[in-house]
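Just below is one structure, and these are the notes that go with it.
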Amino acid sequence: MPLVVLILTFDSVLSQKADSLIRLLPETEGVQKLQTYSDIAINFLLTKPDKAAVYAQQGLEEASRVDNTYYKGTFLGILGYANYMLSNVDDAIGFTKRSIQYFKETDSLIPLSKAYATLGSIFHKTGNYDDALTYMNLALSIHEKQHNERGKALTNLNIGVVYQSKDQPDQAINYFIKALTYFDSLPHNRNYYLLLMNTGMLYKQIDEYQKSLVYLLKSLPLVEASNNQRDMATCYMNLGITYKNLDSLDKARAFYGKADTISRGFTNQTIYGKIQNNLGVIELQKNNFQKAIKYFNQSLVVKKRYNDSMGLAVTYNYLADAYNKTGNKKLALELLGKAEAINKAKEFKKPMVETYKNYVDVYQSMGDYDNAFRYQTKEYELKHEIFNSEKFNQIAELETKYQTSKKEQEIQILNQQNDIKDLKLKKEQYTKVILAVVVIFLILISIVGYSRFVIKKRANRLLKKQKKQLDDYNEELNTANENLLTLNNNLEELNHTKDKFFSIISHDLKNPLGVLYATTDVLTRHFESFSKEKTKTYLENMNRSSRHLKNLLDNLLEWSQVQTGRLSIVKEPFDLHGVVANTLLVASNSASTKEINLQSGVKSGTFVYADKDMIATVVRNMVSNAIKFTPRGGTIKINVTEEENRIVVHVSDSGVGIPPNKMAGLFKINTTYKQPGTENEQGTGLGLILCKEFVEKNEGTIRVNSILGKGSTFSFSIPKGR
C-alpha cells in the first residue's frame, strides 16, 4: 500500500473569496494593491493554478513598476508553485529560485522557507531526491530558528516522504517520528492521523509488526472519528495485514471484514481487490480452501480491470496454492504458468520466488521429482540473486552516508575557517582603534599639558579595556584553531574508516565468494564422475567458505550499524553463563576440526548488566580468534574474575601469541593487525575493533596480554548485574 504523500506549502483557505477580492482591485493603491493581487493568486493556487499564475504575473508587473523587492519575491514564489501544480517543472524551478534571491535581500524568512519547501517538492516529484533533501533541510533550519512548530512538523514529514521514495524506510521512520513529536502540540487533524498510519505502514514494510500495530491502533480512533471512508478502509486493511503477520488470524479477518464492507461502495475498487486477496490468504491459512478460492477469484476480477500486474502475479500464486491443496494439480500448474509469465515480463523477482516455490510443492505432490528439483534450483538461484542485490544496496547506502558525513565535516571546517578570518579582521580593527587612541592621547598631552594627569588616567583605563577585548578575541581565535584541528582529526578518522571498509569489500569479501563459486562450478560440472569421498571434500570446502563468509558479513553489518549510529543498545541483567555456553556450543564444530579443547569456568548465576547481543558478539569474536591462532591439540579457556562492581571475562588460548610491536594497534582501525591462522585461516581484522566498540558502549574496557609462542589472553570488563 503506497504511503500518502503530504507536501503542503501554501494555505488554501482565505477569509475572502477571489471574486470579492478582484472587485477591490480598482479601489486599491500601493502596498494594499500588491497584497490584494497576492491574496487573489493564493486563493486560486490549489484549485485553479492557471488563474493563480495570471494574477501573480499581473502582481509581479505592478511590484516591478513600484520597485517593491518583497512582493517581487512573493509573486515569483506563487508563479513557481503554480507552474509546479501545472507540471511545468523547468519554469517552476526558475521562478522559485528567482524568488529566493529577493527574499534573501529583504531577510524575509517565512516566505523564504516556503520557497525552499516548494523547490524540495519539485525535485521530489522529478525524482531528484538529493536536491529535494537539500532544500527541505534549508526550510527546516528556518523553521527551527523561528520556533515554528507547524513548519517543523510538515517539513520533517516531507523529508520522511523523500526517504520513503529513496527506499530508505529506517531514515523515513526517524523523520516521521520527529514530525509526530511536533504534531502532538498541534490540533490533531487529518495530517496527524495520516502520519500515524504512514509510520505504522513503514514499520510493517521492514517487518517490525509490533511497532506497526502501536501506530496503526493509535490512528484508528482518529480515523473513525473523521468518517473518511477511504482512510478508514486503508487503516482497517493495514491492521488486518499486521495482525495476520502476528498470527492473530481472527483479528486479521475481523479488520479485513470491516474494510471489505466499506470498500464495496468505492468507485475505484483497487482497495477492494487487495482486501479480497487478503481475506483469501486468511482462509487459506485456516485450510478453508473453497472460501479462499472464492476470495482470490473476486480479487482477480478487480486486478484485471485495473491492469495490476504485481497484484495479479501475487493472487495467481495464492490461488495455485489453494487448488494444489484441493488436489487440482492441472489448474494449479496453469495458474502458476500465468504468474510466471507476468513475473518474467515485468521482472518481478520476489513474486517469482513464490511462483518457483509453489511449482516445487505441486511437482513434489505429483511425484515428479525432476521438475521439482529444477524449480527448486531456480528458486535458490533467484533468492541468491536477490540477497546479493540487497547486500550491495546496503553497501552503496553506507558509502552514500560516508560521503554525506564527509561533506558535512568539510562544511564545518570551512565555517571554522570563515570564523577565524572574521576574528582576525576584528583583531586588526581593534588594533587600529588602539593606535588611534594612543595618537589622540599624545596630541592631547602636547596641547593640554595642564590636564596631563587626568587624561593619562582615563587613557590607561581605556587601554586596559581595549587590551582585555583584544585578549578575549585572541582566546576565541585559539579556541577556533583547536576546533579546526579536532575537525581535521575526525575527517582523517573517517578516511581510515572508509579505506578499511573498501579493503574488506574488495579483498576479504571477494575471496570466499570466489572459492565458493569455483567449488560449486567444479562440483556442478563433474558431479556424476566424482566419488562420494571427493564430493564430500568439495562440500566441506563449500561449508568452510560459507561459514567464513557468514562471519564476515555478520561483523561487517554490525560494524556498519555502529559507524552510522543505527545500532540501538538495550541493557538488561542476564546470566553470562548461558551466553558463554551457547558460544562454545556453536564454536565446537570448528574447534573439533582442529582437535582443540574448549573449557569454560563461568558458573551459572554470573549476572552482568549490558546489551546481551553485543556481549555475545564480543565473546563469539574472541573465541573465533582463539581457534584461528591455536594449533591442533591446543586448549582455549574462558574464565571470569570480579573487580569491585565489575565482572572481567578472560579468553585464554595456547596459541602462537602476538608480537609485542603489534599489540598496540590491535584495536585501531588504521593499524589493523591481519595474520593468517595456524591452518591458513583468513580474517578481516574487524572482529577486535568491533569488540572494542561494543565493550566501550557497555561501559567496559578491553585489554590483551600475550607471550609470543605461548598464547594470548583477551580480557574485557562489564558492570555486574543489578
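A note on labels: chains of the C-alpha cells are A, B, ... as shown, every chain counts residues from 1, and ligands are counted from 1 in their shown order.
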Among the residues of range 577-628 of chain A, find those DSSP assigns to helix (DSSP H, G or I) from the backbone and print them as a PyMOL selection string.
chain A and resi 577-593+612-628
Find the spatial neighbours of Met622 in chain A, counting only C-alpha atoms, within a cut-off of 12 Å - ignore same-chain residues fewer than 6 positions away - and output them as JSON, numbers by chain.
{"A": [580, 583, 584, 587, 615, 616, 628, 629, 636, 637, 638, 649, 650, 651, 652, 653, 685, 686, 687, 688, 689, 690, 691, 692, 702, 703, 704, 712, 713, 714, 715, 716]}
What's around Asn287 in chain A at 10 Å? Count only C-alpha atoms, leave out sequence neighbours fewer than 4 positions away in its own chain, and write the answer as a ChimeraX atom specification.
/A:281-283,291-292,322,325-326
Taking 2 positions as the minimum chain separation for residues in the same chain, which residues sit within 12 Å of Asn278 in chain A when counting only C-alpha atoms? Answer as JSON, numbers by chain.
{"A": [236, 237, 238, 239, 240, 241, 242, 243, 244, 245, 249, 252, 253, 254, 255, 256, 257, 259, 260, 271, 272, 273, 274, 275, 276, 280, 281, 282, 283, 284, 285, 291, 292, 293, 294, 295, 296, 297, 298, 299, 311, 314, 315, 318, 319]}
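Counting from CA of Asn639 in chain A, the distance to CA of Asn661 in chain A is 26.8 Å.
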Which residues are close to Lys152 in chain A, i.e. within 12 Å by only C-alpha atoms, leaving aside same-chain residues fewer than 4 positions away? Reply as a VMD selection string.
chain A and resid 8 113 to 114 117 136 to 148 156 to 159 175 to 186
Using only C-alpha atoms, please write the residues we just selected to a file, as a PDB file, in the first residue's frame.
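As a result, again_2.pdb now contains:
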```
ATOM      1  CA  LEU A   8       1.935  21.432   1.955  1.00  0.00           C
ATOM      2  CA  SER A 113      11.158  28.794   3.918  1.00  0.00           C
ATOM      3  CA  LYS A 114       8.090  28.322   1.674  1.00  0.00           C
ATOM      4  CA  ALA A 117       9.872  23.834   0.503  1.00  0.00           C
ATOM      5  CA  MET A 136      13.822  20.775   2.563  1.00  0.00           C
ATOM      6  CA  ASN A 137      16.611  20.866   5.152  1.00  0.00           C
ATOM      7  CA  LEU A 138      17.129  24.576   4.392  1.00  0.00           C
ATOM      8  CA  ALA A 139      13.412  25.128   5.059  1.00  0.00           C
ATOM      9  CA  LEU A 140      13.670  23.078   8.263  1.00  0.00           C
ATOM     10  CA  SER A 141      16.588  25.172   9.565  1.00  0.00           C
ATOM     11  CA  ILE A 142      14.477  28.341   9.181  1.00  0.00           C
ATOM     12  CA  HIS A 143      11.512  26.776  10.994  1.00  0.00           C
ATOM     13  CA  GLU A 144      13.820  25.750  13.841  1.00  0.00           C
ATOM     14  CA  LYS A 145      15.217  29.293  14.172  1.00  0.00           C
ATOM     15  CA  GLN A 146      11.654  30.696  14.115  1.00  0.00           C
ATOM     16  CA  HIS A 147      10.375  28.020  16.573  1.00  0.00           C
ATOM     17  CA  ASN A 148       7.609  27.283  14.062  1.00  0.00           C
ATOM     18  CA  ASN A 156      10.064  16.618   8.867  1.00  0.00           C
ATOM     19  CA  LEU A 157       7.090  14.775   7.377  1.00  0.00           C
ATOM     20  CA  ASN A 158       8.105  15.764   3.828  1.00  0.00           C
ATOM     21  CA  ILE A 159      11.753  14.757   4.398  1.00  0.00           C
ATOM     22  CA  TYR A 175      11.751  11.820  10.360  1.00  0.00           C
ATOM     23  CA  PHE A 176       8.125  10.670  10.717  1.00  0.00           C
ATOM     24  CA  ILE A 177       8.647  10.221  14.466  1.00  0.00           C
ATOM     25  CA  LYS A 178      10.212  13.710  14.687  1.00  0.00           C
ATOM     26  CA  ALA A 179       7.184  15.096  12.841  1.00  0.00           C
ATOM     27  CA  LEU A 180       4.851  13.324  15.285  1.00  0.00           C
ATOM     28  CA  THR A 181       6.535  14.992  18.285  1.00  0.00           C
ATOM     29  CA  TYR A 182       5.742  18.403  16.768  1.00  0.00           C
ATOM     30  CA  PHE A 183       2.208  17.392  15.693  1.00  0.00           C
ATOM     31  CA  ASP A 184       1.495  16.345  19.302  1.00  0.00           C
ATOM     32  CA  SER A 185       1.464  20.039  20.300  1.00  0.00           C
ATOM     33  CA  LEU A 186      -0.867  20.970  17.389  1.00  0.00           C
TER      34      LEU A 186
END
```
Spatial neighbours of Val360 in chain A, max dist 7 Å, only C-alpha atoms, sep filter under 6 positions, as a list in words:
Ala372, Tyr375 and Gln376 of chain A
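Neighbours of Lys594 in chain A closer than or equal to 12 Å, with only C-alpha atoms counted and sequence neighbours fewer than 3 positions away skipped, come out as Ala587, Ser588, Asn589, Ser590, Ala591, Asn597, Leu598, Ala626, Ile627, Lys628, Phe629, Thr630, Pro631, Arg632, Gly633, Gly634, Thr635, Ile636, Gly677, Thr678, Glu679 and Glu681 of chain A.
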Go through A:Val586, A:Met352, A:Leu333, A:Met85 and flag the residue nearest Leu46 in chain A, using only C-alpha atoms for the distances.
A:Met85
To one decimal place in Å, what is the distance between CA of Pro351 in chain A and CA of Ile386 in chain A?
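Between CA of Pro351 in chain A and CA of Ile386 in chain A the gap works out to 11.6 Å.
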As an exercise, work out the distance from CA of Ala63 in chain A to CA of Leu34 in chain A in Å and give it to one decimal place.
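Between these atoms lies a distance of 6.8 Å.
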